[in-house]
$ cat start33.cif   # mmCIF, C-alpha atoms
data_structure
loop_
_atom_site.label_atom_id
_atom_site.label_comp_id
_atom_site.auth_asym_id
_atom_site.auth_seq_id
_atom_site.Cartn_x
_atom_site.Cartn_y
_atom_site.Cartn_z
CA MET F 1 119.04 86.47 125.11
CA THR F 2 119.67 89.44 127.36
CA ALA F 3 121.39 91.59 124.76
CA LEU F 4 118.39 91.36 122.44
CA ALA F 5 115.44 91.22 124.82
CA HIS F 6 112.89 93.99 125.09
CA PRO F 7 113.86 97.06 123.10
CA GLN F 8 113.08 100.06 125.30
CA GLU F 9 111.23 101.77 122.45
CA CYS F 10 108.55 99.04 122.35
CA LEU F 11 105.31 100.35 123.85
CA GLN F 12 103.54 97.00 123.39
CA CYS F 13 101.00 98.86 121.23
CA GLY F 14 100.40 95.84 119.02
CA LEU F 15 100.31 97.62 115.64
CA CYS F 16 102.85 95.09 114.36
CA VAL F 17 100.46 92.24 115.14
CA THR F 18 97.71 93.75 112.99
CA VAL F 19 99.88 93.74 109.84
CA CYS F 20 101.66 90.39 110.30
CA PRO F 21 100.54 87.66 107.87
CA VAL F 22 101.65 84.96 110.28
CA GLU F 23 99.51 86.36 113.09
CA MET F 24 96.51 86.20 110.73
CA VAL F 25 96.85 82.43 110.47
CA GLY F 26 97.42 81.79 114.15
CA GLY F 27 101.18 81.70 114.47
CA HIS F 28 103.89 84.01 115.76
CA ALA F 29 103.45 86.71 118.37
CA ILE F 30 105.64 89.67 117.55
CA VAL F 31 104.51 91.70 120.55
CA THR F 32 105.49 88.86 122.85
CA PHE F 33 108.84 88.53 121.12
CA MET F 34 109.42 92.22 121.69
CA ALA F 35 108.70 91.86 125.42
CA ASP F 36 110.55 88.60 125.94
CA PRO F 37 111.46 86.22 123.11
CA THR F 38 111.59 83.31 125.53
CA ALA F 39 107.93 83.82 126.55
CA THR F 40 106.39 82.25 123.44
CA ASP F 41 106.36 78.74 122.04
CA PHE F 42 106.24 80.10 118.50
CA SER F 43 109.41 80.23 116.53
CA VAL F 44 111.32 83.26 115.23
CA TRP F 45 111.71 81.17 112.09
CA LEU F 46 108.07 81.86 111.13
CA CYS F 47 108.74 85.50 110.08
CA THR F 48 108.07 85.89 106.33
CA SER F 49 110.35 88.95 106.09
CA CYS F 50 107.63 91.14 104.58
CA TRP F 51 108.76 94.15 106.64
CA ARG F 52 105.23 95.44 107.26
CA CYS F 53 105.61 95.38 111.06
CA GLN F 54 108.81 97.36 110.84
CA GLU F 55 107.27 99.91 108.47
CA SER F 56 104.28 100.29 110.85
CA CYS F 57 106.16 100.48 114.16
CA PRO F 58 105.69 103.89 115.84
CA GLY F 59 108.84 103.26 117.89
CA GLY F 60 110.92 102.81 114.75
CA ILE F 61 112.21 99.49 116.04
CA ASP F 62 114.30 97.30 113.74
CA ILE F 63 111.96 94.33 114.24
CA TYR F 64 113.32 92.46 111.22
CA GLY F 65 116.88 92.92 112.45
CA LEU F 66 115.87 91.55 115.86
CA MET F 67 114.14 88.55 114.29
CA MET F 68 117.29 87.74 112.33
CA ALA F 69 119.51 88.25 115.40
CA TRP F 70 117.29 85.87 117.39
CA ARG F 71 117.51 83.30 114.61
CA ARG F 72 121.29 83.48 114.57
CA GLN F 73 121.33 83.04 118.35
CA GLU F 74 119.11 79.96 118.01
CA SER F 75 120.47 78.51 114.80
CA ASP F 76 120.29 75.01 116.30
CA THR F 77 116.47 75.33 116.19
CA ALA F 78 116.40 76.14 112.45
CA PRO F 79 113.68 74.26 110.54
CA GLU F 80 114.84 71.77 107.94
CA GLY F 81 113.80 74.04 105.04
CA TYR F 82 116.18 76.75 106.19
CA ARG F 83 119.01 74.36 107.04
CA VAL F 84 118.87 72.64 103.67
CA ALA F 85 118.72 75.92 101.76
CA PHE F 86 121.72 77.28 103.70
CA GLU F 87 123.70 74.09 103.02
CA HIS F 88 122.94 74.52 99.31
CA ILE F 89 124.19 78.11 99.44
CA LEU F 90 127.43 77.03 101.13
CA ALA F 91 127.96 74.15 98.72
CA HIS F 92 126.72 75.60 95.42
CA GLY F 93 126.25 79.34 95.94
CA GLN F 94 122.51 78.97 95.24
CA ALA F 95 119.58 78.33 97.59
CA MET F 96 118.45 75.38 95.45
CA ALA F 97 120.62 72.79 93.78
CA VAL F 98 120.69 72.62 90.00
CA SER F 99 123.51 71.43 87.77
CA GLN F 100 124.97 73.59 85.00
CA GLU F 101 123.82 70.97 82.50
CA GLU F 102 120.19 71.00 83.72
CA LEU F 103 120.13 74.80 83.71
CA ASP F 104 121.60 74.95 80.18
CA GLN F 105 118.96 72.53 78.90
CA MET F 106 116.08 74.40 80.51
CA ARG F 107 117.21 77.79 79.22
CA ALA F 108 117.81 76.46 75.72
CA ALA F 109 114.29 75.00 75.71
CA TRP F 110 112.89 78.45 76.50
CA GLY F 111 115.14 80.18 74.00
CA LEU F 112 117.10 81.98 76.72
CA GLU F 113 120.86 82.65 76.63
CA PRO F 114 122.99 80.38 78.85
CA VAL F 115 123.87 81.61 82.35
CA ARG F 116 126.96 80.37 84.22
CA LEU F 117 126.41 79.20 87.80
CA PRO F 118 128.92 80.39 90.45
CA PRO F 119 132.06 78.40 91.32
CA PRO F 120 131.07 75.79 93.93
CA ASP F 121 132.81 77.15 97.04
CA VAL F 122 132.37 80.88 96.44
CA ALA F 123 129.74 81.43 99.17
CA ARG F 124 131.72 79.56 101.81
CA ARG F 125 134.80 81.64 101.00
CA LEU F 126 132.82 84.91 101.10
CA LEU F 127 131.38 84.01 104.49
CA THR F 128 134.83 83.43 105.99
CA PRO F 129 136.26 86.55 107.70
CA SER F 130 139.38 87.94 106.12
CA PRO F 131 142.62 87.26 108.08
CA ALA F 132 143.15 90.95 108.85
CA VAL F 133 140.12 91.16 111.13
CA ARG F 134 139.91 87.60 112.44
CA MET V 1 118.76 100.92 72.93
CA SER V 2 120.23 100.78 76.43
CA THR V 3 121.60 97.79 78.31
CA LEU V 4 121.13 97.17 82.02
CA ALA V 5 122.47 94.39 84.24
CA PHE V 6 120.01 91.65 85.21
CA TYR V 7 120.14 89.61 88.42
CA PRO V 8 117.50 86.84 88.28
CA GLY V 9 118.21 85.27 91.71
CA CYS V 10 118.06 81.53 92.48
CA LEU V 11 114.32 81.02 92.34
CA VAL V 12 113.61 82.77 89.04
CA LEU V 13 116.78 81.44 87.38
CA GLN V 14 116.06 77.84 88.32
CA ARG V 15 112.27 77.64 88.32
CA MET V 16 110.66 80.52 86.41
CA PRO V 17 112.11 80.98 82.92
CA GLU V 18 108.72 82.30 81.72
CA TYR V 19 109.02 85.25 84.13
CA GLU V 20 112.45 86.17 82.73
CA LEU V 21 111.25 85.64 79.16
CA ALA V 22 108.27 87.99 79.58
CA THR V 23 110.42 90.57 81.39
CA ARG V 24 112.91 90.63 78.52
CA ALA V 25 110.15 90.85 75.91
CA VAL V 26 108.45 93.82 77.61
CA LEU V 27 111.67 95.73 78.29
CA SER V 28 112.82 95.10 74.74
CA THR V 29 109.80 97.01 73.40
CA LEU V 30 110.99 99.95 75.55
CA GLY V 31 114.48 99.72 74.07
CA ILE V 32 116.04 98.09 77.13
CA GLU V 33 118.20 94.97 76.84
CA LEU V 34 119.20 92.91 79.88
CA GLU V 35 122.69 91.50 80.41
CA THR V 36 122.60 88.67 82.98
CA VAL V 37 125.17 88.71 85.77
CA GLN V 38 127.26 85.55 85.23
CA GLU V 39 128.39 83.38 88.16
CA ALA V 40 126.22 85.32 90.61
CA VAL V 41 125.61 83.81 94.05
CA CYS V 42 122.39 83.72 96.09
CA CYS V 43 121.57 87.22 97.38
CA GLY V 44 121.77 85.89 100.94
CA SER V 45 118.41 86.91 102.36
CA PRO V 46 116.55 85.63 104.26
CA VAL V 47 118.26 82.22 104.34
CA ALA V 48 121.95 83.08 104.83
CA GLU V 49 120.98 86.15 106.88
CA SER V 50 119.22 83.82 109.33
CA PHE V 51 122.52 82.08 110.07
CA THR V 52 125.18 84.76 109.73
CA ALA V 53 125.43 88.55 109.87
CA ASP V 54 128.11 88.20 107.17
CA TRP V 55 125.44 87.45 104.54
CA ILE V 56 125.96 90.93 103.05
CA TYR V 57 129.28 89.76 101.56
CA LEU V 58 127.29 87.46 99.26
CA SER V 59 125.40 90.44 97.86
CA ALA V 60 128.59 92.52 97.89
CA TYR V 61 130.12 89.89 95.57
CA ASN V 62 127.14 90.22 93.21
CA LEU V 63 127.40 94.02 93.28
CA ALA V 64 131.13 93.72 92.50
CA LEU V 65 130.37 91.50 89.47
CA ILE V 66 127.88 94.13 88.24
CA GLU V 67 130.40 96.95 88.68
CA ARG V 68 132.95 94.91 86.72
CA MET V 69 130.38 94.61 83.90
CA GLY V 70 130.38 98.42 83.85
CA HIS V 71 126.75 98.86 84.96
CA ASP V 72 125.37 101.17 87.64
CA THR V 73 121.82 99.76 87.62
CA VAL V 74 120.78 96.16 88.09
CA VAL V 75 117.27 95.00 87.26
CA THR V 76 115.65 92.45 89.58
CA ILE V 77 112.32 90.66 89.35
CA CYS V 78 112.27 89.07 92.79
CA GLY V 79 111.31 91.12 95.86
CA GLY V 80 113.80 89.37 98.12
CA CYS V 81 116.80 89.87 95.83
CA THR V 82 115.96 93.56 95.33
CA ASN V 83 115.87 94.00 99.09
CA SER V 84 119.16 92.18 99.77
CA LEU V 85 121.08 94.02 97.09
CA ALA V 86 119.70 97.41 98.22
CA ARG V 87 120.40 96.79 101.90
CA THR V 88 123.91 95.66 101.03
CA ALA V 89 124.53 98.74 98.86
CA ARG V 90 123.44 100.80 101.90
CA ALA V 91 125.66 98.81 104.29
CA LEU V 92 128.67 99.39 102.01
CA GLN V 93 128.42 103.13 102.72
CA ASP V 94 130.05 102.29 106.07
CA PRO V 95 133.82 102.46 105.36
CA ALA V 96 134.56 99.56 107.72
CA VAL V 97 132.06 97.29 105.92
CA LEU V 98 133.35 98.43 102.54
CA SER V 99 136.95 97.60 103.36
CA GLU V 100 136.04 94.20 104.83
CA ALA V 101 134.01 93.48 101.67
CA ASN V 102 136.98 94.36 99.51
CA ARG V 103 139.31 92.20 101.61
CA ARG V 104 136.99 89.22 101.05
CA LEU V 105 136.56 90.00 97.35
CA ALA V 106 140.30 90.28 96.71
CA GLN V 107 140.67 86.45 96.53
CA PHE V 108 138.40 86.55 93.45
CA GLY V 109 140.18 89.50 91.87
CA LEU V 110 137.12 91.69 92.49
CA THR V 111 136.52 95.08 94.09
CA VAL V 112 133.32 96.85 95.08
CA ALA V 113 132.65 100.58 95.45
CA GLY V 114 128.93 100.34 96.22
CA ARG V 115 127.71 102.49 93.34
CA VAL V 116 125.13 100.08 91.86
CA THR V 117 121.39 100.77 92.28
CA PRO V 118 119.14 97.70 92.28
CA LYS V 119 115.78 98.34 90.62
CA HIS V 120 112.83 96.00 90.73
CA LEU V 121 110.98 95.66 87.43
CA VAL V 122 107.94 97.44 88.91
CA ARG V 123 110.05 100.49 89.74
CA LEU V 124 111.79 100.48 86.37
CA LEU V 125 108.45 100.29 84.51
CA THR V 126 106.89 102.93 86.77
CA GLU V 127 109.65 105.32 85.66
CA ARG V 128 108.53 104.71 82.07
CA LEU V 129 104.75 104.90 82.42
CA ASP V 130 104.23 107.33 79.51
CA ASP V 131 106.46 105.29 77.25
CA LEU V 132 104.48 102.17 78.06
CA ARG V 133 101.10 103.88 77.67
CA ALA V 134 102.04 105.01 74.16
CA ARG V 135 102.75 101.41 73.14
CA ILE V 136 99.56 99.72 74.34
CA VAL V 137 97.92 98.30 71.20
CA ARG V 138 95.70 95.55 72.61
CA PRO V 139 93.61 96.77 75.57
CA LEU V 140 92.64 93.88 77.82
CA SER V 141 89.25 93.24 79.32
CA LEU V 142 89.83 91.28 82.46
CA GLN V 143 89.95 91.94 86.18
CA VAL V 144 93.03 91.01 88.18
CA ALA V 145 93.86 90.81 91.88
CA VAL V 146 97.29 92.28 92.58
CA THR V 147 99.87 90.94 95.01
CA THR V 148 102.76 93.30 95.54
CA PRO V 149 106.39 92.16 96.03
CA CYS V 150 106.78 93.04 99.74
CA GLN V 151 110.54 93.18 99.98
CA ALA V 152 110.96 95.35 96.88
CA LEU V 153 109.11 98.17 98.68
CA ARG V 154 110.23 97.85 102.27
CA PRO V 155 112.05 99.13 104.21
CA ASP V 156 111.06 102.35 102.48
CA ASP V 157 114.07 104.38 103.63
CA VAL V 158 116.42 101.90 101.92
CA MET V 159 114.43 100.79 98.87
CA GLY V 160 113.82 104.29 97.46
CA PHE V 161 110.76 103.13 95.61
CA GLY V 162 108.87 106.41 95.79
CA ASP V 163 105.59 104.62 96.55
CA ASP V 164 103.53 104.24 99.72
CA PRO V 165 105.30 101.32 101.45
CA LEU V 166 102.13 100.04 103.15
CA GLU V 167 99.52 100.77 100.45
CA PRO V 168 101.55 100.73 97.24
CA GLN V 169 99.96 101.91 94.01
CA SER V 170 102.73 101.22 91.44
CA ILE V 171 101.51 97.84 90.17
CA ARG V 172 97.90 99.04 90.16
CA ARG V 173 98.91 101.94 87.89
CA LEU V 174 100.78 99.61 85.55
CA VAL V 175 97.83 97.22 85.34
CA ARG V 176 95.39 100.02 84.55
CA LEU V 177 97.53 101.02 81.54
CA THR V 178 96.57 97.70 79.95
CA GLY V 179 92.84 98.29 80.25
CA ALA V 180 92.54 95.56 82.85
CA GLU V 181 90.68 96.37 86.06
CA VAL V 182 92.13 95.96 89.53
CA LEU V 183 90.03 94.17 92.14
CA ASP V 184 89.93 95.74 95.62
CA TYR V 185 90.10 92.92 98.12
CA PRO V 186 90.68 92.64 101.86
CA GLY V 187 94.32 91.89 102.65
CA GLU V 188 95.61 93.09 99.29
CA ASN V 189 98.71 94.55 100.90
CA GLU V 190 99.40 91.59 103.14
CA CYS V 191 102.32 89.29 102.46
CA CYS V 192 101.12 86.06 100.78
CA GLY V 193 103.07 83.93 103.27
CA ALA V 194 105.26 82.10 100.75
CA THR V 195 108.50 82.36 102.70
CA LEU V 196 106.70 80.82 105.67
CA TYR V 197 106.75 77.56 103.70
CA LEU V 198 110.42 77.01 104.59
CA ALA V 199 109.53 76.92 108.29
CA ASP V 200 105.93 75.64 108.45
CA SER V 201 104.21 74.42 105.29
CA THR V 202 100.79 74.04 106.96
CA LEU V 203 100.70 77.67 108.13
CA SER V 204 101.99 78.83 104.76
CA LEU V 205 99.22 77.04 102.86
CA LYS V 206 96.73 78.53 105.33
CA ALA V 207 98.04 82.03 104.52
CA GLY V 208 97.79 81.25 100.80
CA ARG V 209 94.22 80.08 101.30
CA ARG V 210 93.30 83.44 102.85
CA LYS V 211 94.60 85.24 99.77
CA LEU V 212 92.96 82.88 97.35
CA GLU V 213 89.57 83.11 99.06
CA ALA V 214 89.76 86.91 99.04
CA VAL V 215 90.43 87.18 95.28
CA GLN V 216 87.68 84.88 94.00
CA GLU V 217 85.90 87.69 92.10
CA ALA V 218 88.96 88.36 89.94
CA ASP V 219 89.70 86.61 86.64
CA ALA V 220 93.32 86.12 87.62
CA LEU V 221 96.02 86.80 90.16
CA LEU V 222 98.67 89.29 89.07
CA LEU V 223 102.12 88.58 90.50
CA GLY V 224 105.34 90.55 90.73
CA CYS V 225 107.47 88.16 92.78
CA GLY V 226 108.64 84.58 92.34
CA ASN V 227 107.79 83.68 95.93
CA CYS V 228 104.13 84.72 95.48
CA GLN V 229 103.97 82.64 92.30
CA LEU V 230 105.49 79.65 94.07
CA LEU V 231 102.84 79.59 96.80
CA LEU V 232 99.77 81.00 95.08
CA ARG V 233 100.14 79.29 91.70
CA ARG V 234 102.49 76.32 91.88
CA PHE V 235 101.35 75.14 95.31
CA GLN V 236 97.74 76.13 94.63
CA ARG V 237 96.72 72.51 94.26
CA PHE V 238 97.76 71.89 97.88
CA ILE V 239 95.90 75.02 99.04
CA ILE V 240 92.61 74.08 97.40
CA ARG V 241 92.78 70.31 97.78
CA ASP V 242 89.46 70.21 99.67
CA ARG V 243 87.84 72.94 97.55
CA PRO V 244 88.92 72.78 93.89
CA SER V 245 86.42 75.52 92.96
CA LEU V 246 88.85 78.08 94.45
CA ARG V 247 91.20 77.51 91.50
CA LYS V 248 92.53 80.78 90.11
CA ARG V 249 94.73 81.48 87.11
CA ALA V 250 97.78 83.69 87.51
CA LEU V 251 99.94 85.98 85.41
CA PHE V 252 103.25 87.66 86.09
CA LEU V 253 103.07 91.44 85.66
CA PRO V 254 105.23 91.47 82.48
CA GLN V 255 103.03 88.76 80.93
CA LEU V 256 99.97 90.98 81.36
CA LEU V 257 101.81 94.03 80.03
CA GLY V 258 103.19 92.02 77.13
CA LEU V 259 99.70 90.94 76.06
CA ALA V 260 98.57 94.58 76.02
CA LEU V 261 101.71 95.57 74.12
CA GLY V 262 100.62 93.16 71.40
CA LEU V 263 103.46 90.70 71.91
CA PRO V 264 102.88 87.08 70.87
CA GLU V 265 101.82 84.81 73.74
CA GLU V 266 104.73 82.41 73.21
CA SER V 267 107.25 85.26 73.64
CA LEU V 268 105.73 85.79 77.11
CA GLY V 269 105.85 82.15 78.18
CA LEU V 270 102.05 81.83 77.81
CA ARG V 271 100.08 79.13 76.07
CA LYS V 272 98.35 80.29 72.91
CA GLY V 273 94.64 81.00 73.10
CA VAL V 274 94.32 80.92 76.89
CA TRP V 275 94.38 84.65 77.62
CA LEU V 276 93.35 86.12 74.28
CA ARG V 277 90.17 85.03 72.57
#

$ encode --input "start33.cif" --output "structure tokens"
Amino acid sequence: MTALAHPQECLQCGLCVTVCPVEMVGGHAIVTFMADPTATDFSVWLCTSCWRCQESCPGGIDIYGLMMAWRRQESDTAPEGYRVAFEHILAHGQAMAVSQEELDQMRAAWGLEPVRLPPPDVARRLLTPSPAVR
Amino acid sequence: MSTLAFYPGCLVLQRMPEYELATRAVLSTLGIELETVQEAVCCGSPVAESFTADWIYLSAYNLALIERMGHDTVVTICGGCTNSLARTARALQDPAVLSEANRRLAQFGLTVAGRVTPKHLVRLLTERLDDLRARIVRPLSLQVAVTTPCQALRPDDVMGFGDDPLEPQSIRRLVRLTGAEVLDYPGENECCGATLYLADSTLSLKAGRRKLEAVQEADALLLGCGNCQLLLRRFQRFIIRDRPSLRKRALFLPQLLGLALGLPEESLGLRKGVWLR
């Protein structure tokens, strides 16, 4: 994790902790992550992406960006909820699975116009680098 | 009458037709019609973003679809989608990102220039406060506790919301137009913890419990994001399992506005006789 560990701008002031909803319920530890992400048992996957820590940080640190970078580095530790949702995106282009038929029925029942779901493999294709830069 | 593009996002499209219905009804009274983006993909955040830095090409695809429709504004009603689309529009200002996006889009016959502005419903309505005020025909007498869509406001330098990113007032102003009162409660500006559910359902329900306990004085919760509704309303029964007296009703922002605009309850996805007596 060397490339991501301890941004120099972090003063360990702890303002981020006071605005984090996860800290309020006894999880997480942003300040510890900022010092050394390997020094906590809590998971980077707990971040709710509310951006309040980032907006509060006097050092202007991209805390959210770091959280996401840590997740990508540790994608083998992803909780099932995230893994399943990502598989749905790759397979159907949507975070949850619904068939066109089910969606059409639901919208008709509410008097809403039909909406076409994306072609099945569109997300996978978009996430594949173009040959020119591979 | 003007027409704007509408990007519902996965959660609202698949689970919350009443939110879309009420949004359309309210905007229609202001002379705004919504044209849904067809074949749109998930916005990419935070799920795809947690696995790949390339997630922005998902949102770039959606922005390209909107440009092809001929729109320069897209209306969103989910905080997360607003955020993803806005951050992607910002990222596309980098010529290297823009050309890679266009290389990936070419296989679908699409191009993107990055000229679309995503606007959350709260921002769109805030720009039309006077217009709304003039149309209020049924002042409401109830007190609501507001939860603000976090990701629609932050990061402030990208979202361009024009509100205080940590103590936002936009929804409060919209609620007051209707005659309803806004409850001050501790933790009003805290995230509800809904997205935590994907990683740790126990902690997420605990976060929801904090919110619910803090808003007990209010008649109802007032929501502007599908994720908040998912945790605080749909999963409420799990949150209050040991204390059913904490039960709290909830309304989406456009449902409350629609009631005050005199729209029929059924056009707002509400059951008749529950909110109006």

$ closest_atom_pairs --input "start33.cif" --of "chain F" --to "chain V" --cutoff "7 Å" --atoms "all atoms listed in the file" --output "tab-separated table"
residue	atom	partner	partner_atom	distance
F:Pro21	CA	V:Cys191	CA	5.9
F:Val25	CA	V:Ala207	CA	6.1
F:Trp45	CA	V:Ala199	CA	6.1
F:Leu46	CA	V:Leu196	CA	5.7
F:Cys47	CA	V:Leu196	CA	6.7
F:Thr48	CA	V:Thr195	CA	5.1
F:Cys50	CA	V:Cys150	CA	5.3
F:Trp51	CA	V:Arg154	CA	5.9
F:Arg52	CA	V:Leu166	CA	6.9
F:Glu55	CA	V:Pro155	CA	6.5
F:Met68	CA	V:Ser50	CA	5.3
F:Arg71	CA	V:Ser50	CA	5.6
F:Arg72	CA	V:Phe51	CA	4.9
F:Ser75	CA	V:Phe51	CA	6.3
F:Pro79	CA	V:Ala199	CA	5.4
F:Gly81	CA	V:Leu198	CA	4.5
F:Tyr82	CA	V:Leu198	CA	6.0
F:Ala85	CA	V:Val47	CA	6.8
F:Phe86	CA	V:Ala48	CA	5.9
F:Ile89	CA	V:Cys42	CA	6.8
F:Gly93	CA	V:Val41	CA	4.9
F:Gln94	CA	V:Cys42	CA	4.8
F:Ala95	CA	V:Cys10	CA	6.2
F:Met96	CA	V:Cys10	CA	6.8
F:Leu103	CA	V:Gln14	CA	6.9
F:Trp110	CA	V:Pro17	CA	6.9
F:Val115	CA	V:Gln38	CA	5.9
F:Arg116	CA	V:Glu39	CA	5.2
F:Leu117	CA	V:Glu39	CA	4.6
F:Pro118	CA	V:Glu39	CA	3.8
F:Pro119	CA	V:Glu39	CA	6.9
F:Ala123	CA	V:Leu58	CA	6.5
F:Leu126	CA	V:Arg104	CA	6.0
F:Leu127	CA	V:Asp54	CA	6.0
F:Ser130	CA	V:Arg104	CA	5.7

$ resolve_selection --input "start33.cif" --expression "the PyMOL selection byres ((chain V and resi 138) around 12)" --output "list in words"
Arg133, Ala134, Arg135, Ile136, Val137, Pro139, Leu140, Ser141, Leu177, Thr178, Gly179, Ala180, Leu256, Leu257, Gly258, Leu259, Ala260, Leu261, Gly262, Leu263, Pro264, Leu276 and Arg277 of chain V

$ closest_residue --input "start33.cif" --among "F:Asp121, F:Asp36, F:Glu113, F:Asp104" --to "Pro7 in chain F" --atoms "all atoms listed in the file"
F:Asp36

$ residues_around --input "start33.cif" --residues "Leu253 in chain V" --least-positions-apart "5" --cutoff "12 Å" --atoms "only C-alpha atoms" --output "ChimeraX atom specification"
/V:18-23,26,77-78,120-122,125,144-149,170-178,180,220-226,228-229,258-260,268

$ write_last_selection --input "start33.cif" --atoms "C-alpha atoms" --output "PDB file, keeping the file's coordinate frame"
ATOM      1  CA  GLU V  18     108.720  82.300  81.720  1.00  0.00           C
ATOM      2  CA  TYR V  19     109.020  85.250  84.130  1.00  0.00           C
ATOM      3  CA  GLU V  20     112.450  86.170  82.730  1.00  0.00           C
ATOM      4  CA  LEU V  21     111.250  85.640  79.160  1.00  0.00           C
ATOM      5  CA  ALA V  22     108.270  87.990  79.580  1.00  0.00           C
ATOM      6  CA  THR V  23     110.420  90.570  81.390  1.00  0.00           C
ATOM      7  CA  VAL V  26     108.450  93.820  77.610  1.00  0.00           C
ATOM      8  CA  ILE V  77     112.320  90.660  89.350  1.00  0.00           C
ATOM      9  CA  CYS V  78     112.270  89.070  92.790  1.00  0.00           C
ATOM     10  CA  HIS V 120     112.830  96.000  90.730  1.00  0.00           C
ATOM     11  CA  LEU V 121     110.980  95.660  87.430  1.00  0.00           C
ATOM     12  CA  VAL V 122     107.940  97.440  88.910  1.00  0.00           C
ATOM     13  CA  LEU V 125     108.450 100.290  84.510  1.00  0.00           C
ATOM     14  CA  VAL V 144      93.030  91.010  88.180  1.00  0.00           C
ATOM     15  CA  ALA V 145      93.860  90.810  91.880  1.00  0.00           C
ATOM     16  CA  VAL V 146      97.290  92.280  92.580  1.00  0.00           C
ATOM     17  CA  THR V 147      99.870  90.940  95.010  1.00  0.00           C
ATOM     18  CA  THR V 148     102.760  93.300  95.540  1.00  0.00           C
ATOM     19  CA  PRO V 149     106.390  92.160  96.030  1.00  0.00           C
ATOM     20  CA  SER V 170     102.730 101.220  91.440  1.00  0.00           C
ATOM     21  CA  ILE V 171     101.510  97.840  90.170  1.00  0.00           C
ATOM     22  CA  ARG V 172      97.900  99.040  90.160  1.00  0.00           C
ATOM     23  CA  ARG V 173      98.910 101.940  87.890  1.00  0.00           C
ATOM     24  CA  LEU V 174     100.780  99.610  85.550  1.00  0.00           C
ATOM     25  CA  VAL V 175      97.830  97.220  85.340  1.00  0.00           C
ATOM     26  CA  ARG V 176      95.390 100.020  84.550  1.00  0.00           C
ATOM     27  CA  LEU V 177      97.530 101.020  81.540  1.00  0.00           C
ATOM     28  CA  THR V 178      96.570  97.700  79.950  1.00  0.00           C
ATOM     29  CA  ALA V 180      92.540  95.560  82.850  1.00  0.00           C
ATOM     30  CA  ALA V 220      93.320  86.120  87.620  1.00  0.00           C
ATOM     31  CA  LEU V 221      96.020  86.800  90.160  1.00  0.00           C
ATOM     32  CA  LEU V 222      98.670  89.290  89.070  1.00  0.00           C
ATOM     33  CA  LEU V 223     102.120  88.580  90.500  1.00  0.00           C
ATOM     34  CA  GLY V 224     105.340  90.550  90.730  1.00  0.00           C
ATOM     35  CA  CYS V 225     107.470  88.160  92.780  1.00  0.00           C
ATOM     36  CA  GLY V 226     108.640  84.580  92.340  1.00  0.00           C
ATOM     37  CA  CYS V 228     104.130  84.720  95.480  1.00  0.00           C
ATOM     38  CA  GLN V 229     103.970  82.640  92.300  1.00  0.00           C
ATOM     39  CA  GLY V 258     103.190  92.020  77.130  1.00  0.00           C
ATOM     40  CA  LEU V 259      99.700  90.940  76.060  1.00  0.00           C
ATOM     41  CA  ALA V 260      98.570  94.580  76.020  1.00  0.00           C
ATOM     42  CA  LEU V 268     105.730  85.790  77.110  1.00  0.00           C
TER      43      LEU V 268
END

$ residues_around --input "start33.cif" --residues "Asp72 in chain V" --least-positions-apart "4" --cutoff "10 Å" --atoms "all atoms listed in the file" --output "PyMOL selection string"
chain V and resi 4-5+63+66-68+114-118

$ atom_distance --input "start33.cif" --atom1 "CA of Gln8 in chain F" --atom2 "CA of Phe33 in chain F"
13.0 Å

$ residues_around --input "start33.cif" --residues "range 13-20 of chain F" --least-positions-apart "4" --cutoff "7 Å" --atoms "only C-alpha atoms" --output "list in words"
Met24, Ile30, Val31, Arg52, Cys53, Ser56 and Cys57 of chain F

$ resolve_selection --input "start33.cif" --expression "the PyMOL selection byres ((chain V and resi 237) around 12)" --output "list in words"
Leu205, Gly208, Arg209, Leu212, Leu230, Leu231, Leu232, Arg233, Arg234, Phe235, Gln236, Phe238, Ile239, Ile240, Arg241, Asp242, Arg243, Pro244, Ser245, Leu246, Arg247, Lys248 and Arg249 of chain V
